[in-house]
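Next up, coords-v6.cif (mmCIF, C-alpha atoms):
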```cif
data_final
loop_
_atom_site.label_atom_id
_atom_site.label_comp_id
_atom_site.auth_asym_id
_atom_site.auth_seq_id
_atom_site.Cartn_x
_atom_site.Cartn_y
_atom_site.Cartn_z
CA MET S 1 86.96 155.80 82.16
CA PHE S 2 83.81 157.58 83.34
CA SER S 3 83.86 160.08 86.18
CA PRO S 4 82.23 158.92 89.40
CA ILE S 5 78.60 159.96 89.81
CA ASP S 6 78.07 162.63 92.44
CA ARG S 7 76.79 160.73 95.50
CA SER S 8 74.87 163.81 96.65
CA SER S 9 72.62 163.48 93.58
CA SER S 10 69.26 161.78 94.03
CA LEU S 11 68.98 158.04 93.48
CA GLU S 12 66.81 158.78 90.42
CA THR S 13 69.55 160.95 88.90
CA ARG S 14 72.32 158.45 89.69
CA ILE S 15 70.38 155.58 88.11
CA ARG S 16 69.60 157.61 84.98
CA ILE S 17 73.24 158.67 84.57
CA ALA S 18 74.46 155.08 85.00
CA ALA S 19 71.83 153.86 82.51
CA SER S 20 72.97 156.43 79.95
CA TYR S 21 76.41 154.77 79.85
CA THR S 22 74.77 151.62 78.43
CA LEU S 23 73.14 153.22 75.37
CA GLY S 24 73.86 151.23 72.22
CA PHE S 25 74.79 147.99 73.99
CA ARG S 26 73.04 144.76 73.09
CA TYR S 27 72.02 141.71 75.10
CA GLY S 28 74.58 138.95 75.50
CA THR S 29 75.16 135.94 77.73
CA GLY S 30 78.16 134.12 79.16
CA ALA S 31 81.45 135.27 77.67
CA SER S 32 79.51 137.69 75.43
CA VAL S 33 78.60 139.83 78.43
CA ARG S 34 80.52 143.07 78.40
CA PHE S 35 80.27 146.25 80.44
CA PRO S 36 80.42 149.78 79.04
CA SER S 37 83.73 150.68 80.64
CA PRO S 38 86.17 149.88 83.36
CA TYR S 39 84.29 151.55 86.19
CA PRO S 40 85.09 151.37 89.88
CA GLY S 41 83.08 148.59 91.43
CA VAL S 42 81.88 145.32 89.99
CA THR S 43 83.42 145.69 86.54
CA VAL S 44 87.01 146.15 87.63
CA GLU S 45 87.33 144.15 90.80
CA ILE S 46 84.95 141.25 90.36
CA SER S 47 83.70 140.47 86.89
CA PRO S 48 85.77 138.18 84.69
CA TYR S 49 84.56 140.21 81.68
CA SER S 50 84.69 143.86 80.99
CA SER S 51 79.79 145.57 75.10
CA GLN S 52 76.89 143.23 75.60
CA ILE S 53 74.93 142.93 78.81
CA ASP S 54 72.52 140.28 80.14
CA CYS S 55 69.87 141.14 82.71
CA SER S 56 71.69 140.17 85.91
CA SER S 57 75.04 141.56 84.76
CA PHE S 58 73.25 144.78 83.83
CA THR S 59 71.59 145.21 87.21
CA ALA S 60 74.85 144.37 89.01
CA TRP S 61 76.72 146.92 86.90
CA ILE S 62 74.13 149.68 87.38
CA LEU S 63 74.02 149.15 91.14
CA SER S 64 77.82 149.10 91.44
CA VAL S 65 77.99 152.42 89.56
CA VAL S 66 75.17 153.98 91.59
CA TYR S 67 76.58 152.68 94.90
CA PRO S 68 80.36 152.59 94.34
CA ASP S 69 81.17 152.40 98.05
CA ALA S 70 79.02 149.32 98.72
CA ASN S 71 80.49 145.95 99.58
CA TRP S 72 81.01 144.67 96.00
CA ASP S 73 82.97 141.52 96.63
CA LYS S 74 83.18 138.32 94.59
CA LYS S 75 80.45 136.56 96.62
CA THR S 76 78.06 139.48 96.11
CA TYR S 77 78.72 139.45 92.36
CA GLN S 78 78.18 135.66 92.22
CA ASP S 79 74.89 136.05 94.09
CA MET S 80 73.81 138.85 91.73
CA GLN S 81 74.46 136.37 88.89
CA ILE S 82 72.64 133.49 90.67
CA PHE S 83 75.65 131.17 90.50
CA ASP S 84 73.81 128.89 92.98
CA ALA S 85 70.54 127.72 91.36
CA ALA S 86 69.29 126.52 94.75
CA ARG S 87 69.14 130.22 95.75
CA PRO S 88 67.07 131.84 92.95
CA TRP S 89 66.46 135.01 94.98
CA SER S 90 70.15 135.56 95.78
CA PRO S 91 70.37 138.89 93.87
CA LEU S 92 67.98 140.42 96.39
CA GLU S 93 69.91 138.98 99.32
CA ALA S 94 73.15 140.26 97.77
CA ALA S 95 71.80 143.80 97.37
CA LYS S 96 70.75 143.82 101.00
CA ARG S 97 74.07 142.33 102.17
CA ALA S 98 76.02 144.90 100.10
CA GLY S 99 74.13 147.63 101.92
CA VAL S 100 72.30 149.06 98.89
CA ALA S 101 68.85 147.69 99.79
CA THR S 102 66.81 148.01 102.96
CA GLU S 103 64.35 145.12 102.75
CA ILE S 104 63.00 142.36 100.52
CA SER S 105 59.30 142.57 99.70
CA GLN S 106 56.49 141.47 97.40
CA GLU S 107 54.29 144.53 97.99
CA PRO S 108 54.59 147.75 95.94
CA ALA S 109 56.32 150.73 97.53
CA PRO S 110 55.08 153.97 95.89
CA GLY S 111 57.86 156.20 94.60
CA ARG S 112 60.64 153.75 95.50
CA TRP S 113 63.32 152.16 93.33
CA ALA S 114 63.99 148.45 93.72
CA LEU S 115 66.05 145.60 92.34
CA CYS S 116 63.42 143.18 91.06
CA GLN S 117 63.89 139.44 90.49
CA ALA S 118 61.12 137.36 88.94
CA TRP S 119 60.71 133.66 88.15
CA LYS S 120 58.15 131.58 86.29
CA ASP S 121 59.79 128.50 87.81
CA ALA S 122 61.98 129.11 90.86
CA ARG S 123 62.02 125.50 92.07
CA THR S 124 65.02 123.24 91.65
CA ASP S 125 63.65 120.26 93.61
CA ASP S 126 61.12 119.30 90.91
CA GLY S 127 63.58 117.75 88.46
CA ASP S 128 63.88 120.69 86.10
CA PRO S 129 66.09 123.79 86.24
CA LEU S 130 65.15 127.34 87.10
CA GLY S 131 63.10 128.89 84.32
CA GLY S 132 61.72 132.16 83.06
CA GLY S 133 63.75 134.41 85.31
CA HIS S 134 64.54 138.07 84.81
CA ALA S 135 66.29 140.79 86.79
CA ARG S 136 65.41 144.46 86.39
CA LEU S 137 65.43 147.73 88.24
CA ILE S 138 61.99 149.18 88.83
CA ARG S 139 60.49 152.35 90.23
CA PHE S 140 56.92 152.29 91.47
CA ASP S 141 54.81 155.29 90.47
CA GLU S 142 53.86 157.61 93.33
CA GLU S 143 50.19 156.88 92.60
CA GLY S 144 48.43 154.09 90.78
CA ASP S 145 49.70 150.75 89.51
CA GLY S 146 52.44 151.96 87.12
CA VAL S 147 56.02 150.76 87.18
CA LEU S 148 59.02 152.22 85.35
CA VAL S 149 61.40 149.45 84.24
CA LEU S 150 65.13 149.63 83.48
CA ASP S 151 66.48 146.34 82.22
CA SER S 152 68.50 144.54 79.59
CA SER S 153 66.16 142.40 77.55
CA THR S 154 66.28 139.81 74.78
CA ARG S 155 63.23 141.40 73.13
CA SER S 156 64.52 141.87 69.57
CA SER S 157 68.01 141.73 71.11
CA ARG S 158 67.20 145.19 72.43
CA GLY S 159 69.67 145.18 75.26
CA PRO S 160 69.45 147.87 77.96
CA GLY S 161 66.46 150.17 77.89
CA TRP S 162 63.46 151.75 79.56
CA SER S 163 59.86 150.53 79.48
CA ARG S 164 56.66 150.80 81.48
CA ILE S 165 54.30 148.18 82.83
CA THR S 166 51.71 147.97 85.56
CA TRP S 167 52.40 146.11 88.79
CA GLY S 168 49.44 143.82 88.05
CA LYS S 169 50.74 142.89 84.57
CA LEU S 170 54.25 142.33 85.91
CA LYS S 171 52.95 139.92 88.55
CA ASP S 172 50.75 138.17 85.95
CA LEU S 173 53.79 137.49 83.74
CA TYR S 174 55.21 135.22 86.45
CA ARG S 175 52.13 133.21 87.51
CA GLU S 176 52.38 130.32 85.06
CA ASP S 177 52.65 127.53 87.62
CA ALA S 178 51.08 129.44 90.53
CA ASP S 179 53.75 127.94 92.81
CA GLU S 180 54.43 130.04 95.91
CA GLU S 181 58.17 129.72 95.18
CA ASP S 182 57.67 131.60 91.89
CA GLY S 183 56.62 135.16 91.24
CA VAL S 184 58.04 138.64 91.67
CA ARG S 185 60.10 139.86 94.60
CA PHE S 186 62.21 142.94 95.02
CA ALA S 187 64.77 144.59 97.28
CA LEU S 188 63.98 148.24 98.03
CA LEU S 189 67.00 150.43 97.27
CA LYS S 190 68.42 153.02 99.62
CA GLY S 191 68.15 156.68 98.54
#
```

Please render this file's structure as structure tokens.
Amino acid sequence: MFSPIDRSSSLETRIRIAASYTLGFRYGTGASVRFPSPYPGVTVEISPYSSQIDCSSFTAWILSVVYPDANWDKKTYQDMQIFDAARPWSPLEAAKRAGVATEISQEPAPGRWALCQAWKDARTDDGDPLGGGHARLIRFDEEGDGVLVLDSSTRSSRGPGWSRITWGKLKDLYREDADEEDGVRFALLKG
């Protein structure tokens, strides 16, 4: 079992340490989702699984490691996993309810970390299911349009990793239907 991360460390440091525990894992879904270790928080108390990580399981795990004292109950974990398709933005609500996020927004916040949820099709009342969704942790650059991304992706079955994108390109990825229900939203994380 890993040692708890020093809570007096910066959010940046805590996120990077938690991310380092996931090196070598690959993307999985359903019963294939596995976490790096039994770690206090979501993995021990809530998740029915405990080597592969999908995007929402990954973000839930990272946040539970970074904020071990938050309110990580079963409902929060279910919302992080979007168990209710009628609530496609529930991960953001869950982060706020757990006390790890301050607000939900669609406008960049320079220098801030956020839990980001995006959808190409977030409607469930149009006869088809949710589509093209992805959860990731992001940090807006202090200046300019750049965004640092930490996520678990299906790209070449990469699994957890770091990448960069611009805020404009990220928003453009989720504008297929131009429906106001779709797009990119995020919950700003507490320091």

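Between Thr59 (chain S) and the residues S:Arg164, S:Lys190, S:Arg139, S:His134, the shortest atom-to-atom distance, using only C-alpha atoms, involves S:His134.
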
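With distances taken over all atoms listed in the file, S:Pro68 is the one residue among S:Gly168, S:Pro4, S:Pro68, S:Gly146 lying closest to Val100 (chain S).
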
**Study point:** Long-range neighbours of Leu173 (chain S) as a PyMOL selection string, 10 Å cut-off, all atoms listed in the file, 2 positions minimum in chain
**Key:** chain S and resi 118-120+132+168-171+175-176+183-184

Exercise for review: Between CA of Ile104 (chain S) and CA of Ala18 (chain S), measure the distance and give it in Å to one decimal.
Suggested key: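 Result for CA of Ile104 (chain S) versus CA of Ala18 (chain S): 23.1 Å, one decimal.
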
Point to revise | Selected residue of minimal separation from Trp61 (chain S) among S:Val149, S:Ile165, S:Ala98, S:Met80, counting all atoms listed in the file | key: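 Using all atoms listed in the file, the shortest distance to Trp61 (chain S) belongs to S:Met80.
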
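Across the structure, CA of Gly24 (chain S) and CA of Glu12 (chain S) are spaced 20.9 Å apart.
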
Practice item. Carefully work through the PyMOL selection byres ((chain S and resi 56) around 7) for this structure and note down the residues it includes, as a PyMOL selection string. Key: chain S and resi 54-55+57-60+80-81+135

Study note, to complete from the structure: Residue with the minimum atom-to-atom distance to Arg136 (chain S), picked from S:Ile5, S:Ala94, S:Ala70, S:Leu63 with only C-alpha atoms counted, is S:Leu63

Exercise for review: Find the distance between CA of Trp89 (chain S) and CA of Phe25 (chain S) and write it in Å to one decimal.
Suggested key: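 The value is 26.0 Å.
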
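Nearest-residue note for Asp151 (chain S): choosing from S:Ser64, S:Gln78, S:Ser9, S:Thr22, the minimum distance belongs to S:Thr22, counting only C-alpha atoms.
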
Review point. Given the choices S:Ala101, S:Ile15, S:Ala187, S:Ala95, which gets closest to Asp79 (chain S) if the distance is worked out from all atoms listed in the file?
Key: S:Ala95

Check your understanding: Do you know which residues are at most 9 Å from Ala19 (chain S) counting all atoms listed in the file, after dropping those on the same chain fewer than 2 positions away, and could you put them as number ranges by chain?
Key -> S: 14-17, 21-23, 62, 150, 160-161

Output C-alpha atoms for every residue in the selection just made, as a PDB file, in the frame of the given file.
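Result went into out.pdb, see below:
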```
ATOM      1  CA  ARG S  14      72.320 158.450  89.690  1.00  0.00           C
ATOM      2  CA  ILE S  15      70.380 155.580  88.110  1.00  0.00           C
ATOM      3  CA  ARG S  16      69.600 157.610  84.980  1.00  0.00           C
ATOM      4  CA  ILE S  17      73.240 158.670  84.570  1.00  0.00           C
ATOM      5  CA  TYR S  21      76.410 154.770  79.850  1.00  0.00           C
ATOM      6  CA  THR S  22      74.770 151.620  78.430  1.00  0.00           C
ATOM      7  CA  LEU S  23      73.140 153.220  75.370  1.00  0.00           C
ATOM      8  CA  ILE S  62      74.130 149.680  87.380  1.00  0.00           C
ATOM      9  CA  LEU S 150      65.130 149.630  83.480  1.00  0.00           C
ATOM     10  CA  PRO S 160      69.450 147.870  77.960  1.00  0.00           C
ATOM     11  CA  GLY S 161      66.460 150.170  77.890  1.00  0.00           C
TER      12      GLY S 161
END
```

Any chance you could work out the axis-aligned box around region 64-77 of chain S, listed atoms only, 3 Å on each side, giving centre and edge lengths in Å to one decimal, as JSON?
```
{"center_x": 79.2, "center_y": 145.3, "center_z": 94.6, "size_x": 14.0, "size_y": 23.4, "size_z": 16.0}
```

Apply the PyMOL selection byres ((chain S and resi 186) around 8) to the displayed file and report the matching residues as an mmCIF file with C-alpha atoms, in the coordinates of the input.
```cif
data_model
loop_
_atom_site.group_PDB
_atom_site.id
_atom_site.type_symbol
_atom_site.label_atom_id
_atom_site.label_comp_id
_atom_site.auth_asym_id
_atom_site.auth_seq_id
_atom_site.Cartn_x
_atom_site.Cartn_y
_atom_site.Cartn_z
ATOM 1 C CA LEU S 92 67.980 140.420 96.390
ATOM 2 C CA ILE S 104 63.000 142.360 100.520
ATOM 3 C CA SER S 105 59.300 142.570 99.700
ATOM 4 C CA GLN S 106 56.490 141.470 97.400
ATOM 5 C CA ALA S 114 63.990 148.450 93.720
ATOM 6 C CA LEU S 115 66.050 145.600 92.340
ATOM 7 C CA CYS S 116 63.420 143.180 91.060
ATOM 8 C CA GLN S 117 63.890 139.440 90.490
ATOM 9 C CA VAL S 184 58.040 138.640 91.670
ATOM 10 C CA ARG S 185 60.100 139.860 94.600
ATOM 11 C CA ALA S 187 64.770 144.590 97.280
ATOM 12 C CA LEU S 188 63.980 148.240 98.030
#
```
